[in-house]
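Shown next: target_20.txt, containing compact mmCIF, C-alpha atoms.
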# COMPACT_ATOMS: atom_id res chain seq x y z
CA MET A 1328 0.42 -10.77 25.67
CA ALA A 1329 2.16 -11.84 22.49
CA ALA A 1330 1.28 -13.76 19.37
CA THR A 1331 3.86 -15.23 17.01
CA LEU A 1332 3.66 -16.44 13.43
CA ARG A 1333 6.46 -18.30 11.66
CA ILE A 1334 5.84 -18.66 7.96
CA ALA A 1335 7.64 -19.32 4.67
CA ALA A 1336 9.03 -16.14 3.11
CA GLU A 1337 6.86 -16.16 -0.01
CA VAL A 1338 4.79 -13.40 -1.56
CA SER A 1339 1.82 -15.75 -1.60
CA ASN A 1340 1.91 -15.67 2.22
CA LEU A 1341 1.66 -11.88 2.52
CA ALA A 1342 -2.13 -11.92 2.78
CA ALA A 1343 -1.88 -14.48 5.62
CA ILE A 1344 0.73 -12.28 7.31
CA ARG A 1345 -1.61 -9.28 7.08
CA ARG A 1346 -4.45 -11.32 8.55
CA PHE A 1347 -2.26 -12.51 11.42
CA VAL A 1348 -1.10 -8.98 12.27
CA GLY A 1349 -4.66 -7.67 12.01
CA GLN A 1350 -6.10 -10.31 14.30
CA ALA A 1351 -3.26 -10.14 16.81
CA ALA A 1352 -3.39 -6.34 17.05
CA ALA A 1353 -7.18 -6.26 17.24
CA SER A 1354 -7.12 -8.78 20.08
CA LEU A 1355 -4.87 -6.36 21.99
CA GLY A 1356 -7.56 -3.71 21.71
CA VAL A 1357 -5.73 -1.62 19.11
CA PRO A 1358 -8.14 0.69 17.22
CA ALA A 1359 -9.10 -0.43 13.72
CA ARG A 1360 -7.44 2.50 11.95
CA ILE A 1361 -4.11 1.73 13.63
CA VAL A 1362 -4.53 -2.00 12.97
CA GLU A 1363 -4.86 -1.23 9.25
CA GLY A 1364 -1.65 0.80 9.32
CA LEU A 1365 0.21 -2.01 11.10
CA GLU A 1366 -0.99 -4.52 8.50
CA LEU A 1367 0.39 -2.25 5.77
CA ALA A 1368 3.71 -1.71 7.56
CA VAL A 1369 4.34 -5.42 8.14
CA ASP A 1370 3.23 -6.31 4.61
CA GLU A 1371 5.70 -3.85 3.07
CA LEU A 1372 8.57 -4.87 5.35
CA ALA A 1373 7.94 -8.60 4.90
CA MET A 1374 7.93 -7.97 1.16
CA ASN A 1375 11.34 -6.32 1.51
CA ILE A 1376 12.66 -9.30 3.49
CA ILE A 1377 11.46 -11.66 0.74
CA GLN A 1378 12.89 -9.59 -2.13
CA HIS A 1379 15.99 -7.95 -0.67
CA GLY A 1380 16.82 -10.23 2.26
CA TYR A 1381 16.16 -13.69 0.90
CA ARG A 1382 16.31 -12.48 -2.75
CA ASN A 1383 13.32 -14.69 -3.45
CA GLN A 1384 15.18 -17.79 -2.21
CA PRO A 1385 13.50 -20.10 0.35
CA GLY A 1386 13.48 -18.91 3.95
CA GLU A 1387 11.22 -18.08 6.86
CA ILE A 1388 9.92 -14.96 8.55
CA GLU A 1389 8.87 -14.79 12.18
CA ILE A 1390 6.45 -12.10 13.24
CA GLU A 1391 5.72 -11.36 16.87
CA VAL A 1392 3.01 -8.95 17.94
CA GLN A 1393 2.95 -7.84 21.55
CA GLY A 1394 1.40 -5.00 23.40
CA GLY A 1395 0.04 -3.58 26.53
CA GLY A 1396 -1.91 -0.45 27.24
CA GLU A 1397 0.54 2.10 25.88
CA ALA A 1398 2.09 0.63 22.77
CA VAL A 1399 2.02 -2.23 20.35
CA VAL A 1400 5.41 -3.67 19.38
CA ILE A 1401 5.94 -5.88 16.34
CA CYS A 1402 9.18 -7.78 15.68
CA LEU A 1403 10.03 -9.24 12.29
CA ARG A 1404 12.88 -11.75 12.36
CA ASP A 1405 14.55 -13.61 9.52
CA GLU A 1406 17.70 -15.56 8.73
CA ALA A 1407 18.55 -13.80 5.47
CA GLY A 1408 21.74 -11.85 4.89
CA PRO A 1409 22.01 -8.52 6.70
CA PHE A 1410 19.45 -6.04 5.40
CA ASP A 1411 18.63 -2.87 7.30
CA PRO A 1412 15.59 -1.09 5.87
CA THR A 1413 15.98 1.77 8.35
CA GLN A 1414 19.05 2.84 6.35
CA GLN A 1415 17.09 3.23 3.14
CA PRO A 1416 16.61 6.91 2.37
CA ASP A 1417 13.02 8.17 2.22
CA PRO A 1418 11.86 9.10 -1.25
CA ASP A 1419 11.89 12.87 -1.75
CA ILE A 1420 8.17 13.52 -1.47
CA THR A 1421 8.59 17.08 -2.67
CA LEU A 1422 9.34 15.60 -6.08
CA PRO A 1423 6.53 14.51 -8.36
CA LEU A 1424 5.90 10.76 -8.13
CA GLU A 1425 7.30 10.59 -11.64
CA GLU A 1426 10.74 11.59 -10.47
CA ARG A 1427 10.91 9.52 -7.30
CA PRO A 1428 12.63 6.16 -7.22
CA ILE A 1429 9.68 3.84 -6.70
CA GLY A 1430 11.70 1.22 -4.81
CA GLY A 1431 11.76 3.08 -1.51
CA LEU A 1432 8.02 3.59 -1.44
CA GLY A 1433 7.14 0.45 0.52
CA ILE A 1434 9.52 1.24 3.36
CA PHE A 1435 8.35 4.86 3.32
CA LEU A 1436 4.70 3.75 3.62
CA ALA A 1437 5.69 1.46 6.51
CA ARG A 1438 7.52 4.24 8.34
CA GLN A 1439 4.48 6.48 8.15
CA GLN A 1440 2.41 3.92 10.07
CA VAL A 1441 4.60 3.57 13.18
CA ASP A 1442 6.36 5.81 15.69
CA ALA A 1443 9.67 3.95 15.71
CA MET A 1444 11.44 1.39 13.55
CA SER A 1445 14.74 -0.10 14.67
CA TYR A 1446 17.01 -2.78 13.26
CA ARG A 1447 19.64 -5.04 14.71
CA ARG A 1448 21.63 -8.02 13.52
CA THR A 1449 21.36 -10.53 16.35
CA SER A 1450 24.20 -12.68 17.68
CA ALA A 1451 22.47 -15.65 16.05
CA ASP A 1452 22.92 -14.00 12.63
CA ARG A 1453 19.31 -13.02 12.31
CA ASN A 1454 17.81 -9.76 11.19
CA GLU A 1455 15.45 -8.30 13.75
CA LEU A 1456 13.27 -5.34 12.90
CA THR A 1457 11.20 -3.80 15.68
CA LEU A 1458 8.21 -1.54 15.03
CA THR A 1459 6.65 0.44 17.83
CA LYS A 1460 3.30 2.18 17.62
CA THR A 1461 2.37 4.25 20.64
CA LEU A 1462 -1.29 4.21 21.59
CA ASN A 1463 -3.10 7.03 23.31
CA ASN A 1464 -4.78 5.62 26.36
CA SER A 1465 -8.05 7.01 25.11
CA SER A 1466 -7.66 5.18 21.80
CA VAL A 1467 -7.33 1.70 23.31
CA GLN A 1468 -10.50 -0.31 23.08
CA GLU A 1469 -11.46 -3.28 25.20
CA PRO A 1470 -9.76 -6.36 23.75
CA SER A 1471 -12.25 -8.18 21.61
CA GLU A 1472 -11.75 -11.54 23.34
CA VAL A 1473 -12.66 -10.22 26.79
CA THR A 1474 -15.93 -11.81 27.71
CA GLN A 1475 -18.86 -10.22 29.45
CA HIS A 1476 -18.27 -12.62 32.32
CA GLU A 1477 -14.83 -11.11 32.93
CA HIS A 1478 -16.32 -7.64 32.91
CA ASP A 1479 -18.71 -8.68 35.60
CA GLN A 1480 -16.02 -9.83 37.97
CA MET B 236 -8.49 -10.04 -7.47
CA GLU B 237 -11.20 -9.87 -10.10
CA ILE B 238 -11.68 -7.10 -12.61
CA THR B 239 -14.95 -6.45 -14.41
CA VAL B 240 -14.64 -4.25 -17.49
CA SER B 241 -17.52 -2.02 -18.57
CA GLN B 242 -18.03 1.03 -20.77
CA ALA B 243 -19.73 4.37 -20.27
CA GLN B 244 -20.29 7.26 -22.65
CA GLY B 245 -19.66 10.81 -21.53
CA ARG B 246 -18.11 13.48 -23.70
CA VAL B 247 -15.74 10.67 -24.61
CA PRO B 248 -15.98 6.89 -24.37
CA VAL B 249 -14.83 5.74 -20.94
CA THR B 250 -13.69 2.28 -19.85
CA ILE B 251 -14.34 1.26 -16.26
CA PHE B 252 -12.38 -1.40 -14.38
CA GLY B 253 -14.46 -2.63 -11.45
CA ILE B 254 -11.77 -4.10 -9.23
CA GLN B 255 -12.63 -6.57 -6.49
CA GLY B 256 -9.99 -7.55 -3.98
CA ASP B 257 -6.65 -6.34 -2.71
CA ILE B 258 -4.21 -4.63 -5.07
CA ASP B 259 -0.97 -5.99 -3.68
CA VAL B 260 2.19 -7.68 -4.85
CA THR B 261 0.29 -10.80 -5.90
CA SER B 262 -2.24 -8.94 -8.07
CA TYR B 263 -0.81 -5.65 -9.35
CA GLU B 264 0.65 -7.19 -12.50
CA GLN B 265 -2.78 -8.52 -13.45
CA LEU B 266 -4.17 -4.98 -13.23
CA GLN B 267 -1.27 -3.51 -15.22
CA ALA B 268 -1.56 -6.21 -17.89
CA LEU B 269 -5.29 -5.64 -18.34
CA ALA B 270 -4.78 -1.87 -18.58
CA LYS B 271 -2.07 -2.37 -21.22
CA GLN B 272 -4.29 -4.71 -23.19
CA SER B 273 -7.17 -2.25 -22.93
CA ALA B 274 -5.01 0.70 -24.02
CA GLU B 275 -3.73 -1.28 -26.98
CA ALA B 276 -7.33 -2.01 -27.92
CA GLY B 277 -8.05 1.73 -28.00
CA THR B 278 -8.95 2.79 -24.46
CA GLN B 279 -7.93 6.38 -23.85
CA HIS B 280 -10.04 7.18 -20.78
CA LEU B 281 -10.07 4.81 -17.84
CA ILE B 282 -11.75 4.78 -14.44
CA LEU B 283 -10.45 2.44 -11.77
CA ASP B 284 -13.45 1.69 -9.55
CA LEU B 285 -11.91 0.99 -6.13
CA SER B 286 -15.23 0.57 -4.27
CA ALA B 287 -14.53 -3.11 -3.61
CA VAL B 288 -10.79 -2.81 -2.95
CA PRO B 289 -10.09 -3.31 0.77
CA TYR B 290 -6.32 -2.83 0.56
CA VAL B 291 -3.67 -1.20 -1.63
CA SER B 292 0.04 -1.70 -0.95
CA SER B 293 3.05 -0.03 -2.59
CA ALA B 294 2.72 -2.56 -5.40
CA GLY B 295 -0.77 -1.21 -6.08
CA ILE B 296 0.57 2.33 -6.08
CA ARG B 297 3.18 1.21 -8.60
CA ALA B 298 0.43 -0.25 -10.80
CA ILE B 299 -1.65 2.94 -10.71
CA ASN B 300 1.43 5.00 -11.53
CA THR B 301 2.27 2.66 -14.41
CA ILE B 302 -1.28 2.97 -15.77
CA PHE B 303 -1.09 6.77 -15.43
CA ASN B 304 2.01 6.72 -17.64
CA LEU B 305 0.55 4.17 -20.01
CA LEU B 306 -2.38 6.48 -20.80
CA ARG B 307 -0.33 9.65 -20.98
CA ARG B 308 -0.15 11.01 -24.49
CA ASN B 309 2.74 12.50 -26.28
CA ALA B 310 1.03 15.91 -26.26
CA PRO B 311 2.43 19.30 -25.23
CA ASN B 312 0.05 19.59 -22.27
CA GLU B 313 1.16 16.17 -20.98
CA SER B 314 4.90 16.48 -21.47
CA ASP B 315 7.23 15.84 -18.55
CA GLU B 316 7.72 19.59 -18.23
CA ALA B 317 3.96 20.30 -18.31
CA VAL B 318 3.30 17.62 -15.68
CA ARG B 319 6.09 18.94 -13.45
CA ARG B 320 4.86 22.52 -13.77
CA GLY B 321 1.24 21.48 -13.20
CA LEU B 322 2.12 19.47 -10.11
CA ARG B 323 4.10 22.38 -8.71
CA ASP B 324 1.18 24.77 -9.28
CA GLY B 325 -1.44 22.24 -8.22
CA THR B 326 -3.12 22.46 -11.61
CA PHE B 327 -2.29 19.04 -13.08
CA LYS B 328 -4.60 16.03 -13.03
CA SER B 329 -4.52 13.19 -15.53
CA ALA B 330 -6.92 13.70 -18.43
CA HIS B 331 -7.01 9.95 -19.00
CA LEU B 332 -7.25 8.26 -15.60
CA LYS B 333 -9.67 8.78 -12.68
CA LEU B 334 -10.14 6.83 -9.47
CA LEU B 335 -13.58 6.03 -8.12
CA ASN B 336 -14.71 5.65 -4.54
CA PRO B 337 -11.64 4.41 -2.64
CA SER B 338 -12.10 3.61 1.05
CA PRO B 339 -10.60 6.02 3.62
CA ARG B 340 -7.84 3.46 4.21
CA VAL B 341 -6.96 3.38 0.51
CA VAL B 342 -7.22 7.18 0.20
CA GLU B 343 -4.63 7.51 2.94
CA VAL B 344 -2.15 5.30 1.08
CA LEU B 345 -2.82 7.14 -2.21
CA SER B 346 -2.22 10.41 -0.42
CA ILE B 347 1.01 9.36 1.35
CA ALA B 348 2.34 8.15 -2.00
CA GLY B 349 1.28 11.33 -3.79
CA ILE B 350 -1.01 9.62 -6.32
CA ASP B 351 -3.75 12.09 -5.42
CA MET B 352 -1.51 14.80 -6.90
CA LEU B 353 -1.69 13.13 -10.30
CA VAL B 354 -5.14 11.62 -10.51
CA GLU B 355 -8.60 12.88 -9.56
CA ILE B 356 -10.55 10.87 -7.01
CA HIS B 357 -14.34 10.83 -7.43
CA LYS B 358 -17.07 9.40 -5.23
CA ASP B 359 -19.71 9.10 -7.91
CA LEU B 360 -19.47 7.24 -11.22
CA ASN B 361 -21.47 9.78 -13.25
CA THR B 362 -19.30 12.61 -11.98
CA ALA B 363 -16.18 10.64 -12.79
CA VAL B 364 -17.36 9.90 -16.33
CA ALA B 365 -18.32 13.55 -16.83
CA ALA B 366 -14.90 14.67 -15.60
CA PHE B 367 -13.17 13.51 -18.79

Whole structure given in structure tokens:
Amino acid sequence: MAATLRIAAEVSNLAAIRRFVGQAAASLGVPARIVEGLELAVDELAMNIIQHGYRNQPGEIEIEVQGGGEAVVICLRDEAGPFDPTQQPDPDITLPLEERPIGGLGIFLARQQVDAMSYRRTSADRNELTLTKTLNNSSVQEPSEVTQHEHDQ
Amino acid sequence: MEITVSQAQGRVPVTIFGIQGDIDVTSYEQLQALAKQSAEAGTQHLILDLSAVPYVSSAGIRAINTIFNLLRRNAPNESDEAVRRGLRDGTFKSAHLKLLNPSPRVVEVLSIAGIDMLVEIHKDLNTAVAAF
């Protein structure tokens, strides 16, 4: 199962992006706590695409959420210049917040929410960022759209 | 995001921002601007009531950090060195800024970002007011 959103790369769309990710992940049966983390991760990374990829110029972001029983995988794709957030160093969290460069915080928060984050520049000159969150089998809930009728069968 | 401003009197006068809505990239500047305006009007002790804040992103963390610095005084016990030493020893918390009743989701983000090292988090308004 997969759900895809293609939307203008504008900060005013970030709330809609969060809602899309939340609804798509919940419909896959992902537990609420993990859904919240995925919303945060995509929000921060989409923000980076808008600011550092498109540099606040017009563009689009495509977000695809797919999953099965073991993992949820989210792809963010855009047509901005090459920008690889996985190469950004983590802030040194042993330093007081005062002394940390604040810019890397969004990507750091995103990384904390997923098990893997990989980047590639596609042959079609797109950036593609793939987030993978592994689910424990015990943590997967019944997808919310499954009806009682289907249970009965 | 909407912010309701109220006052409480403890040992010192305390200003309370009741924030409703997400603190994200579309709203953090509004929060920072109101805090700056309030500080310029004399506020020295501020509580950010996060009870009705469903979501905080890195932009919200940036705003809270900015407000922490805005309220910091040029006093020996709040110097860069004192803050650094206090953070290292686990003895520093802002004397000017407290957070009230964040959701578990928001607490997690505050914690990952290290804001909870700088600012006390309270669950009860009276306790927060009395903590100044």

Contact set, chain B to chain A: 7 Å, only C-alpha atoms, as a PDB file with C-alpha atoms, keeping the file's coordinate frame:
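Done, and the output landed in result18.pdb:
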ATOM      1  CA  THR B 261       0.290 -10.800  -5.900  1.00  0.00           C
ATOM      2  CA  SER B 292       0.040  -1.700  -0.950  1.00  0.00           C
ATOM      3  CA  SER B 293       3.050  -0.030  -2.590  1.00  0.00           C
ATOM      4  CA  ARG B 319       6.090  18.940 -13.450  1.00  0.00           C
ATOM      5  CA  LEU B 322       2.120  19.470 -10.110  1.00  0.00           C
ATOM      6  CA  GLY B 349       1.280  11.330  -3.790  1.00  0.00           C
TER       7      GLY B 349
END

For this session: Taking (-13.6, -7.5, -14.4) in the file's own coordinates, collect the residues within 12 Å, counting only C-alpha atoms, and hand them back as an NGL selection string.
Result: :B and (236-242 or 250-256 or 265-266 or 269-270 or 273 or 283-285 or 287)

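Across the structure, atom CA of A:Asn1454 and atom CA of A:Ala1335 are spaced 15.4 Å apart.
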
Seminar exercise, completed: B:Ile356 proximity check over B:Leu306, B:Ile258, B:Val342, B:Ala298, using only C-alpha atoms: winner is B:Val342

Exercise. Between A:Thr1449, A:Gln1415, A:Gln1393, A:Ser1354, which is the closest to A:His1379 once you count all atoms listed in the file?
Worked result: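 Residue with the minimum atom-to-atom distance to A:His1379: A:Gln1415.
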
Problem set entry | Two-atom distance - atom CA of A:Pro1358, atom CA of B:Asn336 (Å) | 23.3 Å

For this session: May I have the residues within 12 Å of B:Ala317 as an MDAnalysis selection string, using only C-alpha atoms and disregarding those fewer than 5 positions away in the same chain?
Result: (chainID A and resid 1423) or (chainID B and resid 307:312 322:329)
